[in-house]
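Visitor: The file below is query.csv, CSV, C-alpha atoms:
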chain,number,residue,atom,x,y,z
H,136,MET,CA,-2.1,4.8,-39.1
H,137,ALA,CA,-4.3,6.0,-41.9
H,138,ALA,CA,-3.3,9.4,-43.3
H,139,ARG,CA,-5.8,12.2,-42.4
H,140,ASP,CA,-5.6,15.9,-43.2
H,141,GLY,CA,-6.2,18.7,-40.8
H,142,LEU,CA,-5.3,19.3,-37.1
H,143,VAL,CA,-5.4,16.4,-34.7
H,144,MET,CA,-5.8,17.2,-31.0
H,145,VAL,CA,-4.2,14.7,-28.7
H,146,GLY,CA,-5.6,14.2,-25.2
H,147,VAL,CA,-2.3,14.5,-23.3
H,148,SER,CA,-2.6,13.1,-19.7
H,149,GLY,CA,1.0,13.5,-18.6
H,150,GLY,CA,1.5,9.7,-19.0
H,151,VAL,CA,3.7,7.8,-21.3
H,152,ASP,CA,0.9,6.4,-23.6
H,153,SER,CA,-0.5,9.8,-24.6
H,154,SER,CA,3.0,11.2,-24.9
H,155,VAL,CA,4.0,8.5,-27.5
H,156,ALA,CA,0.6,8.9,-29.2
H,157,ALA,CA,1.5,12.6,-29.8
H,158,LEU,CA,5.1,11.6,-30.8
H,159,ARG,CA,4.0,9.2,-33.5
H,160,LEU,CA,1.6,11.7,-35.0
H,161,VAL,CA,4.3,14.4,-35.1
H,162,ARG,CA,6.8,11.9,-36.7
H,163,ASP,CA,4.1,11.0,-39.2
H,164,GLY,CA,4.1,14.6,-40.4
H,165,ARG,CA,0.8,15.5,-38.9
H,166,ARG,CA,-0.3,18.9,-37.7
H,167,VAL,CA,-0.7,18.2,-33.9
H,168,ALA,CA,-1.7,20.0,-30.7
H,169,GLY,CA,-2.3,18.7,-27.2
H,170,LEU,CA,-5.1,19.2,-24.8
H,171,PHE,CA,-4.8,18.5,-21.1
H,172,MET,CA,-8.1,17.6,-19.3
H,173,LYS,CA,-8.5,18.1,-15.6
H,174,ASN,CA,-11.4,15.9,-14.6
H,175,TRP,CA,-11.3,16.0,-10.9
H,176,GLU,CA,-10.7,18.7,-8.3
H,177,GLU,CA,-8.3,17.6,-5.6
H,178,ASP,CA,-9.8,17.5,-2.1
H,179,ASP,CA,-6.8,16.7,0.1
H,180,ALA,CA,-3.0,17.0,0.2
H,181,SER,CA,-2.2,13.4,-0.2
H,182,GLY,CA,-1.2,13.7,-3.9
H,183,THR,CA,-3.5,10.8,-4.8
H,184,CYS,CA,-4.6,12.4,-8.1
H,185,PRO,CA,-1.7,14.8,-8.9
H,186,ALA,CA,-3.2,16.9,-11.6
H,187,GLU,CA,-0.6,19.6,-11.2
H,188,ALA,CA,2.3,17.1,-11.7
H,189,ASP,CA,0.5,15.5,-14.7
H,190,ALA,CA,-0.1,18.9,-16.2
H,191,ALA,CA,3.6,19.7,-15.8
H,192,ASP,CA,4.6,16.5,-17.5
H,193,ALA,CA,2.1,17.1,-20.3
H,194,ALA,CA,3.6,20.6,-20.8
H,195,ALA,CA,7.1,19.2,-20.9
H,196,VAL,CA,6.2,16.6,-23.5
H,197,CYS,CA,4.4,19.1,-25.8
H,198,ALA,CA,7.3,21.5,-25.5
H,199,ALA,CA,9.8,18.8,-26.5
H,200,LEU,CA,7.6,17.9,-29.5
H,201,GLY,CA,7.1,21.5,-30.4
H,202,ILE,CA,3.3,21.4,-30.3
H,203,ASP,CA,0.8,23.8,-28.7
H,204,LEU,CA,-0.8,22.8,-25.4
H,205,HIS,CA,-4.3,23.7,-24.4
H,206,THR,CA,-5.9,23.0,-21.0
H,207,ARG,CA,-9.5,22.6,-20.0
H,208,ASN,CA,-11.2,21.9,-16.7
H,209,PHE,CA,-13.9,19.3,-17.2
H,210,ALA,CA,-14.4,18.6,-13.4
H,211,ALA,CA,-18.0,19.8,-13.5
H,212,GLU,CA,-18.9,17.7,-16.5
H,213,TYR,CA,-17.2,14.7,-14.9
H,214,TRP,CA,-19.1,15.1,-11.6
H,215,ASP,CA,-22.4,15.4,-13.4
H,216,GLY,CA,-21.8,12.8,-16.1
H,217,VAL,CA,-19.7,10.2,-14.3
H,218,PHE,CA,-19.4,10.6,-10.6
H,219,GLU,CA,-23.1,11.1,-9.7
H,220,HIS,CA,-23.8,7.9,-11.5
H,221,PHE,CA,-21.0,6.1,-9.7
H,222,LEU,CA,-22.5,7.2,-6.4
H,223,ALA,CA,-26.0,6.2,-7.4
H,224,GLU,CA,-25.0,2.8,-8.4
H,225,HIS,CA,-23.1,2.2,-5.1
H,226,ARG,CA,-26.2,3.4,-3.1
H,227,ALA,CA,-28.2,0.8,-5.0
H,228,GLY,CA,-25.7,-1.9,-4.0
H,229,ARG,CA,-24.3,-2.3,-7.5
H,230,THR,CA,-20.7,-2.1,-8.7
H,231,PRO,CA,-20.4,0.5,-11.5
H,232,ASN,CA,-17.7,0.9,-14.1
H,233,PRO,CA,-16.9,4.6,-14.3
H,234,ASP,CA,-14.2,4.2,-16.9
H,235,VAL,CA,-16.8,3.3,-19.5
H,236,LEU,CA,-18.9,6.4,-18.7
H,237,CYS,CA,-15.8,8.6,-18.6
H,238,ASN,CA,-14.8,7.5,-22.1
H,239,ARG,CA,-18.3,8.0,-23.5
H,240,GLU,CA,-19.2,11.3,-21.7
H,241,ILE,CA,-15.9,13.1,-21.3
H,242,LYS,CA,-13.0,11.8,-23.4
H,243,PHE,CA,-15.1,11.2,-26.6
H,244,ARG,CA,-17.8,13.8,-26.1
H,245,THR,CA,-16.8,16.8,-24.1
H,246,PHE,CA,-13.1,16.6,-25.2
H,247,LEU,CA,-14.1,16.0,-28.8
H,248,GLU,CA,-16.4,19.0,-28.8
H,249,HIS,CA,-13.7,21.3,-27.3
H,250,ALA,CA,-11.1,20.0,-29.7
H,251,GLN,CA,-13.4,20.7,-32.7
H,252,ASP,CA,-14.1,24.2,-31.3
H,253,LEU,CA,-10.3,24.7,-31.4
H,254,GLY,CA,-10.2,23.7,-35.1
H,255,ALA,CA,-9.3,20.0,-34.8
H,256,GLN,CA,-10.5,17.6,-37.5
H,257,THR,CA,-9.8,14.6,-35.3
H,258,ILE,CA,-8.8,13.7,-31.8
H,259,ALA,CA,-6.3,11.1,-30.7
H,260,THR,CA,-5.7,9.3,-27.4
H,261,GLY,CA,-3.2,6.9,-25.9
H,262,HIS,CA,-5.7,4.1,-25.6
H,263,TYR,CA,-4.7,0.6,-26.8
H,264,ALA,CA,-7.2,0.0,-29.6
H,265,ARG,CA,-7.6,0.3,-33.3
H,266,THR,CA,-10.2,1.5,-35.8
H,267,GLY,CA,-11.0,0.2,-39.3
H,268,ARG,CA,-13.6,0.3,-42.0
H,269,GLY,CA,-16.0,-2.6,-42.6
H,270,PRO,CA,-17.1,-3.8,-46.1
H,271,ASP,CA,-20.0,-1.4,-46.1
H,272,GLY,CA,-17.8,1.5,-45.0
H,273,ASP,CA,-18.9,1.6,-41.4
H,274,TRP,CA,-16.3,2.3,-38.7
H,275,ARG,CA,-15.2,-0.7,-36.6
H,276,LEU,CA,-13.6,-0.7,-33.1
H,277,LEU,CA,-10.8,-3.3,-33.2
H,278,ARG,CA,-8.7,-5.0,-30.6
H,279,ALA,CA,-5.2,-3.6,-30.0
H,280,ALA,CA,-2.1,-5.5,-31.1
H,281,ASP,CA,-1.1,-5.9,-27.4
H,282,ALA,CA,-3.7,-8.2,-26.1
H,283,ALA,CA,-2.6,-7.6,-22.5
H,284,LYS,CA,-3.2,-3.9,-22.9
H,285,ASP,CA,-6.2,-3.9,-25.1
H,286,GLN,CA,-8.8,-1.3,-23.9
H,287,THR,CA,-11.7,-2.0,-26.2
H,288,TYR,CA,-13.7,-3.2,-23.2
H,289,PHE,CA,-13.7,0.3,-21.8
H,290,LEU,CA,-14.4,1.9,-25.3
H,291,HIS,CA,-17.3,-0.3,-26.3
H,292,ALA,CA,-19.9,2.5,-25.9
H,293,LEU,CA,-18.3,4.6,-28.7
H,294,GLY,CA,-20.4,4.9,-31.9
H,295,GLN,CA,-19.9,5.8,-35.5
H,296,ALA,CA,-19.6,9.6,-35.0
H,297,GLN,CA,-16.9,9.2,-32.3
H,298,LEU,CA,-14.9,6.6,-34.2
H,299,ALA,CA,-15.0,8.7,-37.4
H,300,ALA,CA,-13.3,11.5,-35.5
H,301,THR,CA,-10.8,9.4,-33.4
H,302,GLU,CA,-7.4,8.0,-33.9
H,303,PHE,CA,-5.5,5.5,-31.7
H,304,PRO,CA,-1.8,5.8,-32.6
H,305,LEU,CA,-0.8,3.1,-30.2
H,306,GLY,CA,-3.1,0.4,-31.6
H,307,ASP,CA,-0.4,-1.5,-33.4
H,308,LEU,CA,2.2,-1.3,-30.6
H,309,GLU,CA,3.0,-3.3,-27.5
H,310,LYS,CA,3.7,-1.6,-24.3
H,311,PRO,CA,7.5,-2.2,-24.3
H,312,GLN,CA,7.7,-0.6,-27.7
H,313,VAL,CA,5.9,2.4,-26.4
H,314,ARG,CA,8.4,2.8,-23.5
H,315,ALA,CA,11.3,2.3,-25.9
H,316,LEU,CA,10.0,5.1,-28.2
H,317,ALA,CA,9.6,7.5,-25.3
H,318,ARG,CA,13.1,6.7,-24.0
H,319,GLU,CA,14.6,7.2,-27.5
H,320,ALA,CA,12.9,10.5,-27.9
H,321,GLY,CA,14.0,11.7,-24.4
H,322,LEU,CA,10.4,12.3,-23.3
H,323,ALA,CA,10.0,13.2,-19.6
H,324,THR,CA,7.3,10.5,-19.2
H,325,ALA,CA,9.4,7.6,-20.5
H,326,ALA,CA,9.8,5.9,-17.1
H,327,LYS,CA,6.7,7.3,-15.5
H,328,LYS,CA,4.6,4.6,-13.7
H,329,ASP,CA,1.3,3.8,-15.3
H,330,SER,CA,-1.8,5.2,-13.5
H,331,THR,CA,-4.1,2.6,-12.1
H,332,GLY,CA,-7.6,2.7,-10.7
H,333,ILE,CA,-10.0,5.6,-10.8
H,334,CYS,CA,-8.4,9.1,-10.6
H,335,PHE,CA,-10.7,10.4,-7.9
H,336,ILE,CA,-9.8,7.4,-5.7
H,337,GLY,CA,-6.1,6.9,-6.7
H,338,GLU,CA,-4.0,5.3,-4.0
H,339,ARG,CA,-6.5,6.1,-1.2
H,340,ASP,CA,-8.5,3.5,0.7
H,341,PHE,CA,-11.6,2.9,-1.4
H,342,ARG,CA,-13.8,2.3,1.6
H,343,GLY,CA,-12.7,5.5,3.3
H,344,PHE,CA,-13.2,7.5,0.2
H,345,LEU,CA,-16.7,6.1,-0.6
H,346,ALA,CA,-17.8,6.6,3.0
H,347,ARG,CA,-17.5,10.4,2.5
H,348,PHE,CA,-20.3,10.3,-0.1
H,349,VAL,CA,-22.3,7.1,0.8
H,350,PRO,CA,-22.6,6.9,4.6
H,351,PRO,CA,-21.9,3.5,6.2
H,352,GLN,CA,-25.0,1.3,6.8
H,353,PRO,CA,-23.9,-1.5,9.1
H,354,GLY,CA,-25.5,-4.9,8.8
H,355,GLU,CA,-24.9,-8.6,9.2
H,356,ILE,CA,-22.5,-10.9,7.4
H,357,ARG,CA,-24.3,-14.2,7.0
H,358,SER,CA,-23.3,-17.6,5.6
H,359,VAL,CA,-25.6,-19.0,3.0
H,360,ASP,CA,-27.1,-21.3,5.6
H,361,GLY,CA,-28.2,-18.3,7.5
H,362,ALA,CA,-25.6,-18.2,10.3
H,363,VAL,CA,-24.5,-14.7,11.4
H,364,LEU,CA,-20.7,-14.6,11.1
H,365,GLY,CA,-20.0,-10.9,11.8
H,366,GLU,CA,-20.9,-7.4,10.8
H,367,HIS,CA,-20.0,-5.1,7.9
H,368,ALA,CA,-20.1,-1.3,7.4
H,369,GLY,CA,-22.4,-1.4,4.3
H,370,VAL,CA,-23.0,-3.8,1.4
H,371,HIS,CA,-22.0,-1.0,-1.0
H,372,PHE,CA,-18.4,-1.4,0.1
H,373,PHE,CA,-18.3,-4.9,-1.3
H,374,THR,CA,-18.6,-6.6,-4.7
H,375,LEU,CA,-19.3,-10.2,-5.7
H,376,GLY,CA,-16.4,-12.5,-5.4
H,377,GLN,CA,-14.6,-10.2,-2.9
H,378,ARG,CA,-12.4,-11.9,-0.3
H,379,GLN,CA,-10.6,-9.0,1.3
H,380,GLY,CA,-12.0,-6.9,4.1
H,381,LEU,CA,-14.6,-9.4,5.3
H,382,GLY,CA,-13.0,-10.0,8.7
H,383,VAL,CA,-14.6,-13.4,8.9
H,384,GLY,CA,-12.4,-15.9,10.7
H,385,GLY,CA,-12.7,-19.7,11.1
H,386,ARG,CA,-15.9,-21.4,12.0
H,387,ALA,CA,-16.4,-24.6,13.9
H,388,GLY,CA,-17.1,-27.4,11.4
H,389,GLY,CA,-16.0,-25.2,8.5
H,390,SER,CA,-13.8,-26.2,5.6
H,391,GLY,CA,-11.0,-23.7,6.5
H,392,ALA,CA,-11.2,-22.3,3.0
H,393,PRO,CA,-11.5,-18.5,2.6
H,394,TRP,CA,-14.8,-16.7,2.6
H,395,PHE,CA,-16.1,-14.8,-0.5
H,396,VAL,CA,-19.1,-12.5,-1.1
H,397,VAL,CA,-21.8,-14.4,-3.0
H,398,GLY,CA,-24.7,-12.0,-2.6
H,399,LYS,CA,-25.8,-8.5,-1.4
H,400,ASP,CA,-29.2,-7.6,0.1
H,401,SER,CA,-29.3,-3.8,0.0
H,402,ASP,CA,-32.7,-3.5,1.6
H,403,ARG,CA,-31.8,-5.5,4.7
H,404,GLN,CA,-28.1,-4.7,4.6
H,405,ILE,CA,-27.1,-8.4,4.6
H,406,LEU,CA,-23.9,-9.6,3.1
H,407,TRP,CA,-24.1,-13.2,2.1
H,408,VAL,CA,-20.8,-15.2,2.1
H,409,ASP,CA,-19.7,-18.7,1.3
H,410,GLN,CA,-16.4,-20.6,1.6
H,411,GLY,CA,-14.1,-21.6,-1.2
H,412,ASP,CA,-14.9,-21.5,-4.9
H,413,SER,CA,-18.6,-21.5,-4.2
H,414,PRO,CA,-21.0,-22.8,-6.9
H,415,LEU,CA,-23.3,-20.0,-5.8
H,416,LEU,CA,-21.0,-17.5,-7.6
H,417,TYR,CA,-21.4,-19.2,-11.0
H,418,SER,CA,-24.0,-18.5,-13.6
H,419,HIS,CA,-24.8,-19.4,-17.2
H,420,ILE,CA,-27.3,-16.6,-18.1
H,421,LEU,CA,-27.3,-12.8,-17.6
H,422,THR,CA,-29.7,-10.1,-18.4
H,423,ALA,CA,-28.4,-6.6,-19.5
H,424,SER,CA,-29.8,-3.2,-20.4
H,425,GLN,CA,-28.6,0.1,-21.9
H,426,ALA,CA,-27.0,-1.7,-24.8
H,427,THR,CA,-24.8,0.3,-27.2
H,428,TRP,CA,-23.6,-1.0,-30.5
H,429,VAL,CA,-20.6,0.3,-32.4
H,430,ALA,CA,-22.4,-0.1,-35.7
H,431,GLY,CA,-25.5,1.7,-34.4
H,432,ALA,CA,-27.6,-1.5,-34.1
H,433,ALA,CA,-27.2,-5.1,-32.9
H,434,PRO,CA,-25.9,-7.5,-35.6
H,435,ALA,CA,-29.2,-9.5,-35.4
H,436,ALA,CA,-32.1,-10.3,-33.0
H,437,ALA,CA,-30.1,-13.4,-32.0
H,438,PHE,CA,-26.5,-14.1,-32.7
H,439,ALA,CA,-23.4,-16.0,-31.4
H,440,CYS,CA,-20.3,-14.2,-30.4
H,441,THR,CA,-17.8,-14.0,-27.5
H,442,ALA,CA,-18.1,-11.8,-24.5
H,443,ARG,CA,-16.3,-10.5,-21.5
H,444,THR,CA,-17.9,-9.5,-18.2
H,445,ARG,CA,-14.8,-7.9,-16.8
H,446,TYR,CA,-11.6,-6.3,-18.1
H,447,ARG,CA,-8.8,-8.7,-19.2
H,448,GLN,CA,-11.1,-11.7,-18.9
H,449,ALA,CA,-10.6,-14.3,-21.6
H,450,ASP,CA,-13.3,-14.3,-24.3
H,451,GLN,CA,-16.3,-16.5,-23.4
H,452,ALA,CA,-18.5,-18.1,-26.1
H,453,CYS,CA,-22.1,-17.1,-25.8
H,454,GLN,CA,-25.4,-16.6,-27.6
H,455,VAL,CA,-27.1,-13.2,-27.4
H,456,GLN,CA,-30.9,-12.5,-27.6
H,457,VAL,CA,-32.0,-8.9,-28.3
H,458,HIS,CA,-35.5,-8.1,-27.0
H,459,GLY,CA,-37.9,-5.6,-28.4
H,460,ASP,CA,-37.2,-3.1,-25.6
H,461,GLY,CA,-33.5,-3.3,-26.3
H,462,ALA,CA,-32.7,-5.5,-23.3
H,463,LEU,CA,-30.4,-8.5,-23.7
H,464,THR,CA,-30.3,-12.0,-22.5
H,465,VAL,CA,-26.9,-13.7,-22.8
H,466,HIS,CA,-26.4,-17.5,-22.5
H,467,PHE,CA,-22.8,-18.6,-21.9
H,468,ASP,CA,-21.5,-22.0,-23.1
H,469,ALA,CA,-19.5,-22.3,-19.8
H,470,PRO,CA,-20.4,-21.1,-16.3
H,471,GLN,CA,-19.1,-17.7,-15.4
H,472,ARG,CA,-17.8,-16.6,-12.0
H,473,ALA,CA,-18.9,-13.5,-10.1
H,474,VAL,CA,-20.8,-11.8,-12.9
H,475,THR,CA,-21.6,-8.5,-11.2
H,476,PRO,CA,-24.6,-6.2,-11.7
H,477,GLY,CA,-23.5,-2.7,-12.7
H,478,GLN,CA,-20.5,-3.9,-14.6
H,479,SER,CA,-20.4,-4.2,-18.4
H,480,VAL,CA,-20.8,-7.2,-20.7
H,481,VAL,CA,-18.9,-6.5,-23.9
H,482,PHE,CA,-19.3,-8.5,-27.1
H,483,TYR,CA,-16.8,-9.4,-29.8
H,484,GLN,CA,-16.7,-11.1,-33.2
H,485,GLY,CA,-13.1,-12.0,-33.8
H,486,GLU,CA,-11.0,-8.8,-33.5
H,487,ALA,CA,-14.0,-6.5,-33.7
H,488,CYS,CA,-15.8,-5.1,-30.6
H,489,LEU,CA,-19.5,-5.1,-31.3
H,490,GLY,CA,-20.6,-3.1,-28.3
H,491,GLY,CA,-21.9,-3.8,-24.8
H,492,ALA,CA,-24.5,-3.4,-22.1
H,493,VAL,CA,-24.9,-3.0,-18.4
H,494,ILE,CA,-25.4,-6.2,-16.4
H,495,GLU,CA,-28.6,-6.3,-14.5
H,496,SER,CA,-28.9,-9.9,-13.1
H,497,THR,CA,-27.8,-13.5,-13.6
H,498,ASP,CA,-29.2,-16.9,-12.8
H,499,ALA,CA,-26.7,-17.4,-10.0
H,500,ALA,CA,-28.5,-18.4,-6.7
H,501,PHE,CA,-27.2,-15.3,-4.8
H,502,GLY,CA,-24.7,-13.4,-7.0
H,503,GLY,CA,-27.0,-12.6,-9.8
H,504,LEU,CA,-29.1,-10.1,-7.8
H,505,ALA,CA,-28.1,-6.8,-6.3
H,506,ARG,CA,-30.5,-7.9,-3.5
H,507,ALA,CA,-30.6,-11.5,-2.5
H,508,ALA,CA,-33.9,-13.0,-1.7
Would you put the structure from the file into structure tokens?
Guide:
Amino acid sequence: MAARDGLVMVGVSGGVDSSVAALRLVRDGRRVAGLFMKNWEEDDASGTCPAEADAADAAAVCAALGIDLHTRNFAAEYWDGVFEHFLAEHRAGRTPNPDVLCNREIKFRTFLEHAQDLGAQTIATGHYARTGRGPDGDWRLLRAADAAKDQTYFLHALGQAQLAATEFPLGDLEKPQVRALAREAGLATAAKKDSTGICFIGERDFRGFLARFVPPQPGEIRSVDGAVLGEHAGVHFFTLGQRQGLGVGGRAGGSGAPWFVVGKDSDRQILWVDQGDSPLLYSHILTASQATWVAGAAPAAAFACTARTRYRQADQACQVQVHGDGALTVHFDAPQRAVTPGQSVVFYQGEACLGGAVIESTDAAFGGLARAA
């Protein structure tokens, strides 16, 4: 970790990763404080997003490390900046990625602003990523040492201002090392289970939660040859490549293979499905919009790199064309399965994350469109 002067404000979540991020900074002789962010107001008694328990764990860790703890409620900012977009995308039949927006709008904007108001020079989080300086002095977003935990996919929308003010103390560690450091230091979060999914959904049934905000819109499930196989509660409850929850059984003359979603017609509420590893799910080309670049601009009007269209996907070789309006066309060397509108395509050159964009469509027969023809 590069030495920096001044107060560093750690975003402490009550999890083991942010706990060890704070621990490493303290052991490095830094002046450290913690800030606990509450981003969602609980709406039931199920304990699915236990902010109170997380806040207690964050307080215990800060007390053990001897650092001050601040708390802020960003629920209103989260609703306006992240959740409203999440709902709008689902209403349009797309599959959004709220973690990308949460990082850009809350953790590295609202949190950063509040930290600076409290006198912090930099912020730090428990994300698995690294930063560095390029030959021309610009800040670079680099993959974490632990490839299985690398989170640059979700951080790709960060720019120069955010990276200049951010530290990632876990970037050079692997997850078992993080757990070991927490145990050795006697931190209360050492054995705490990692959080998964989106906080406002937690362990709840996704369909039941979403139905409270986007009402069911029943429609037909059709095979790609037009046969009606059943009914669904709304295409917004499904994503491309999905198998679970279709309720489609065997079919006379069928292959016996499982059924997968290959297309969504939001206007007519038709869910298109096909059996097995359908070629209709594969595409070579995607278009994307709302591009953000870590360096502030694309590397060139046309360039080769690797890309991911979902988290933890292996890098895929591609060529990127940047159009005058900022839109992108991405040509992959190999066919890609279930590339989904609303998700992010994220670009890499070696260990450096270049940026990313929101997927709009592909050349797949059904799956490239939020609305199938």
Visitor: Determine the nearest neighbour of Leu142 in chain H from the options H:Ala255, H:Ile356, H:Ala223, H:Val155, counting only C-alpha atoms.
Guide: H:Ala255
Visitor: So, with all atoms listed in the file as the atoms that count, which of H:Leu247, H:Leu236, H:Ile420, H:Ala157 lies closest to Gln471 in chain H?
Guide: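 That would be H:Ile420, the residue with the smallest distance to Gln471 in chain H.
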Visitor: I need the residue nearest Ser153 in chain H from this list: H:Ala430, H:Ala193, H:Ala299, H:Ala280. Use all atoms listed in the file for the distance.
Guide: H:Ala193
Visitor: Taking (-28.6, -11.6, -16.3) in the file's coordinates as the center, which residues reach within 8 Å of it, counting all atoms listed in the file, put as a list in words?
Guide: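 Those residues, ordered by chain and then number, are Ile420, Leu421, Thr422, Ala423, Thr464, Val465, Ile494, Glu495, Ser496, Thr497, Asp498 and Gly503 of chain H.
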Visitor: Quick check, in Å to one decimal: how far apart do CA of Gly164 in chain H and CA of Ile202 in chain H lie?
Guide: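 Rounded to one decimal, the two atoms are 12.2 Å apart.
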Visitor: Find the distance between CA of Leu416 in chain H and CA of Leu345 in chain H and write it in Å to one decimal.
Guide: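 If I compute the distance from CA of Leu416 in chain H to CA of Leu345 in chain H, I get 25.0 Å.
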Visitor: Could you check the closest approach to Gly485 in chain H for each of H:Val457, H:Leu290, H:Ala426, H:Ala439 and tell me which residue wins, using all atoms listed in the file?
Guide: H:Ala439
Visitor: Can you tell me, as a PyMOL selection string, what residues are no more than 9 Å from Asn174 in chain H when counting only C-alpha atoms, ignoring any on the same chain fewer than 4 positions away?
Guide: chain H and resi 186+207-214+241+334-335
Visitor: Between H:Thr324, H:Gln297, H:Asn238, H:Gln410, which one has atoms that come closest to Ala194 in chain H, using all atoms listed in the file?
Guide: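 Checking each of H:Thr324, H:Gln297, H:Asn238, H:Gln410 against Ala194 in chain H, counting all atoms listed in the file, the winner is H:Thr324.
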Visitor: Using all atoms listed in the file, which residue out of H:Leu364, H:Val313, H:Leu298, H:Leu463 lies closest to Val408 in chain H?
Guide: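 Distance minimum relative to Val408 in chain H lands on H:Leu364.
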Visitor: To one decimal place in Å, what is the distance between CA of Asp140 in chain H and CA of Arg275 in chain H?
Guide: 20.3 Å
Visitor: Scan for residues within 6 Å of the point (-28.0, -16.9, -27.3) in the coordinates of the file, using all atoms listed in the file, and reply as an MDAnalysis selection string.
Guide: chainID H and resid 454:456 465:466
